[in-house]
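Structure first, then comments.
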Amino acid sequence: MVAESEVRRLAEATSARGEVVLTERHDGSERVIELRVNGVFVMDTAETSTEVALAAAALDLVEEAHDVLVGGLGLGFTARRVLADPRVESLTVVEIEESVVAWMRDGTIPHGPELLADDRLTVVEADLADALTDARAASFDLVLLDVDNGPGYLVHPHNRALYETPFLARVHDVLRPGGVVVIWSAAPAPELRTAMETAYGGCTELPFEVTLQGRAEHYLLYLARTKGAS
């Protein structure tokens, strides 16, 4: 049995982007799984409200949500919230770290097998930019970027391109008329807003408040919509 506050490694892997580590600790009777990349905290199972809030807020922005794309699997909480929406017929999740997908599949991340068993879910192991290059035009009603905590908090330096005009224009191409892209940010991101305005002709910055461990935290949603149905 793992003692309270003791942290141990469950699994680790090395990719072209560095070290990916899964750890566990016990907070009282709760077992907490944590994901880190190159020593940087990505997410854990103790506090999932931001991932859930991102998905819920994004889904509220679209009338149609038949086909959804999420950039980033992580520990799967954004995906799980998307799949809880009865409108969703298919969800494509793109995850660059193969080890994370493997740990979800083999139960190292305990809730992973049940999540991945949903027939509506397809997990693509690839760089998000590469996956969108191969995607068909007008394939999705909604695209959520859950790769970083915004352009100011990159998990990998090369993710910066995901917040720039060329990539955002490609996202535009894979969205259906009236489709929406939503990007979560922990801080104001004026350069991202400008890039979205360039790619879409407009961008809305929505303040978004969540409660983390009893304290109010202020985030921002950056969203843009393709022309068409409102």
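Labels used: A, B, ... for chains in the order of the structure tokens, numbers from 1 for residues in each chain, and numbers from 1 for ligands as shown.
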Name all residues at most 10 Å from Leu10 in chain A (count only C-alpha atoms; drop same-chain ones fewer than 3 positions away) and give them as a list of chain:residue names.
-> A:Val7, A:Val21, A:Leu22, A:Thr23, A:Glu24, A:Arg25, A:Ile33, A:Glu34, A:Trp103, A:Thr108, A:Ile109
Please produce an output containing N, CA and C atoms for each residue in the selection, written as a PDB file, in the first residue's frame.
```
ATOM      1  N   VAL A   7       4.874   9.592  -3.294  1.00  0.00           N
ATOM      2  CA  VAL A   7       4.681   9.606  -4.737  1.00  0.00           C
ATOM      3  C   VAL A   7       5.562   8.521  -5.345  1.00  0.00           C
ATOM      4  N   VAL A  21       5.976  10.924 -17.839  1.00  0.00           N
ATOM      5  CA  VAL A  21       5.940  10.176 -16.575  1.00  0.00           C
ATOM      6  C   VAL A  21       4.533  10.194 -16.005  1.00  0.00           C
ATOM      7  N   LEU A  22       4.110   9.031 -15.543  1.00  0.00           N
ATOM      8  CA  LEU A  22       2.846   8.879 -14.839  1.00  0.00           C
ATOM      9  C   LEU A  22       3.177   8.485 -13.402  1.00  0.00           C
ATOM     10  N   THR A  23       2.639   9.249 -12.448  1.00  0.00           N
ATOM     11  CA  THR A  23       2.890   8.943 -11.036  1.00  0.00           C
ATOM     12  C   THR A  23       1.570   8.734 -10.306  1.00  0.00           C
ATOM     13  N   GLU A  24       1.674   8.203  -9.104  1.00  0.00           N
ATOM     14  CA  GLU A  24       0.500   8.100  -8.234  1.00  0.00           C
ATOM     15  C   GLU A  24       0.879   8.519  -6.822  1.00  0.00           C
ATOM     16  N   ARG A  25      -0.106   9.060  -6.138  1.00  0.00           N
ATOM     17  CA  ARG A  25       0.025   9.381  -4.729  1.00  0.00           C
ATOM     18  C   ARG A  25      -1.332   9.149  -4.092  1.00  0.00           C
ATOM     19  N   ILE A  33      -3.699  10.042  -9.818  1.00  0.00           N
ATOM     20  CA  ILE A  33      -2.782   9.801 -10.925  1.00  0.00           C
ATOM     21  C   ILE A  33      -2.386  11.152 -11.505  1.00  0.00           C
ATOM     22  N   GLU A  34      -1.095  11.327 -11.766  1.00  0.00           N
ATOM     23  CA  GLU A  34      -0.595  12.601 -12.286  1.00  0.00           C
ATOM     24  C   GLU A  34       0.255  12.363 -13.526  1.00  0.00           C
ATOM     25  N   TRP A 103      -1.047   3.715 -22.052  1.00  0.00           N
ATOM     26  CA  TRP A 103      -1.399   3.608 -20.630  1.00  0.00           C
ATOM     27  C   TRP A 103      -2.904   3.693 -20.425  1.00  0.00           C
ATOM     28  N   THR A 108      -3.200   1.150 -17.068  1.00  0.00           N
ATOM     29  CA  THR A 108      -2.287   1.849 -16.167  1.00  0.00           C
ATOM     30  C   THR A 108      -2.957   3.119 -15.657  1.00  0.00           C
ATOM     31  N   ILE A 109      -3.679   3.789 -16.549  1.00  0.00           N
ATOM     32  CA  ILE A 109      -4.610   4.841 -16.155  1.00  0.00           C
ATOM     33  C   ILE A 109      -5.952   4.127 -15.975  1.00  0.00           C
TER      34      ILE A 109
END
```
I'd like the contact shell of range 147-158 of chain A - 12 Å cut-off, only C-alpha atoms, skipping same-chain residues fewer than 4 positions apart - returned as a short mmCIF file (atom, residue, chain, number, x, y, z; two decimals) with C-alpha atoms, in the first residue's frame.
```
data_model
loop_
_atom_site.label_atom_id
_atom_site.label_comp_id
_atom_site.auth_asym_id
_atom_site.auth_seq_id
_atom_site.Cartn_x
_atom_site.Cartn_y
_atom_site.Cartn_z
CA SER A 15 9.73 10.21 -26.86
CA ALA A 16 11.22 12.64 -29.33
CA ARG A 17 9.83 15.41 -27.13
CA GLY A 18 11.34 14.17 -23.87
CA GLU A 19 10.29 12.22 -20.79
CA VAL A 20 6.66 11.33 -20.14
CA LEU A 35 0.85 13.16 -15.76
CA ARG A 36 4.07 15.12 -16.30
CA VAL A 37 6.07 15.84 -19.44
CA ASN A 38 9.73 16.81 -19.01
CA GLY A 39 9.00 17.47 -15.35
CA VAL A 40 6.17 19.89 -16.15
CA PHE A 41 2.79 19.18 -14.57
CA VAL A 42 0.15 18.50 -17.23
CA MET A 43 -2.87 17.26 -15.26
CA THR A 50 -10.97 22.79 -15.92
CA GLU A 51 -10.95 19.94 -18.46
CA LEU A 54 -13.70 23.46 -21.27
CA VAL A 70 -10.22 17.34 -29.45
CA GLY A 71 -6.53 18.10 -29.59
CA GLY A 72 -4.93 16.26 -26.67
CA LEU A 73 -6.04 13.13 -24.81
CA GLY A 74 -4.16 13.60 -21.55
CA LEU A 75 -6.01 11.69 -18.84
CA GLY A 76 -9.22 11.71 -20.87
CA THR A 78 -12.22 16.42 -21.73
CA VAL A 93 -8.98 12.76 -30.17
CA VAL A 94 -5.46 13.46 -31.40
CA GLU A 95 -2.64 12.64 -28.96
CA ILE A 96 1.02 12.97 -29.85
CA GLU A 97 2.42 10.84 -27.02
CA ASP A 127 0.97 15.43 -34.09
CA LEU A 128 -2.17 17.55 -34.24
CA ALA A 129 -0.92 19.61 -37.17
CA VAL A 143 -12.76 21.64 -32.47
CA LEU A 162 -0.90 25.63 -32.91
CA TYR A 163 -1.78 29.18 -31.88
CA GLU A 164 -0.64 30.87 -35.08
CA VAL A 182 -12.42 26.87 -28.84
CA ILE A 183 -9.03 27.36 -27.20
CA TRP A 184 -8.49 27.45 -23.45
CA SER A 185 -5.97 29.88 -21.99
CA ALA A 186 -4.82 30.54 -18.45
CA ALA A 187 -3.89 34.13 -19.30
CA PRO A 188 -4.80 36.83 -21.83
CA ALA A 189 -3.36 35.97 -25.23
CA PRO A 190 -3.63 38.98 -27.56
CA GLU A 191 -1.46 37.39 -30.24
CA LEU A 192 -3.75 34.36 -30.33
CA ARG A 193 -6.76 36.63 -30.65
CA ALA A 195 -4.30 35.13 -35.27
CA TYR A 219 -9.35 31.62 -17.38
CA LEU A 220 -10.24 32.67 -20.89
CA LEU A 221 -11.91 30.94 -23.80
CA TYR A 222 -10.91 32.11 -27.25
#
```
With range 80-89 of chain A as the partner and 9 Å as the cut-off, tabulate the residues of range 28-61 of chain A that qualify, each row holding the nearest pair of atoms and their distance in Å to one decimal, using only C-alpha atoms, sorted by chain and rising number, as a tab-separated table.
```
residue	atom	partner	partner_atom	distance
A:Glu51	CA	A:Arg81	CA	8.4
A:Val52	CA	A:Arg81	CA	5.8
A:Ala53	CA	A:Arg81	CA	8.6
A:Ala55	CA	A:Val82	CA	5.9
A:Ala56	CA	A:Arg81	CA	6.9
A:Leu59	CA	A:Val82	CA	7.5
```
Keeping only C-alpha atoms, write those residues as a PDB file, in the first residue's frame.
```
ATOM      1  CA  GLU A  51     -10.952  19.941 -18.455  1.00  0.00           C
ATOM      2  CA  VAL A  52     -14.650  19.281 -17.878  1.00  0.00           C
ATOM      3  CA  ALA A  53     -15.499  22.984 -17.957  1.00  0.00           C
ATOM      4  CA  ALA A  55     -15.707  20.697 -22.910  1.00  0.00           C
ATOM      5  CA  ALA A  56     -19.016  21.785 -21.398  1.00  0.00           C
ATOM      6  CA  LEU A  59     -20.476  22.225 -26.401  1.00  0.00           C
TER       7      LEU A  59
END
```
Test item, helix (DSSP H, G or I) assignment across range 52-149 of chain A, answer as a ChimeraX atom specification = /A:52-60,77-83,98-106,112-116,128-134
If you count only C-alpha atoms, the residue of A:Ala102, A:Leu206, A:Val171, A:Leu115 closest to Ala11 in chain A turns out to be A:Ala102
Among range 152-222 of chain A, which residues carry a DSSP assignment of strand (DSSP E or B), reported as a list in words?
-> Leu175, Arg176, Pro177, Gly178, Gly179, Val180, Val181, Val182, Ile183, Trp184, Ser185, Thr204, Glu205, Leu206, Pro207, Phe208, Glu209, Val210, Thr211, Leu212, Arg215, Ala216, Glu217, His218, Tyr219, Leu220, Leu221 and Tyr222 of chain A
Record the distance separating CA of Thr194 in chain A and CA of Thr165 in chain A, expressed in Å with one decimal.
->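 Answer for the CA of Thr194 in chain A to CA of Thr165 in chain A separation: 8.5 Å.
Here CA of His66 in chain A is placed at a distance of 28.8 Å from CA of Arg160 in chain A.
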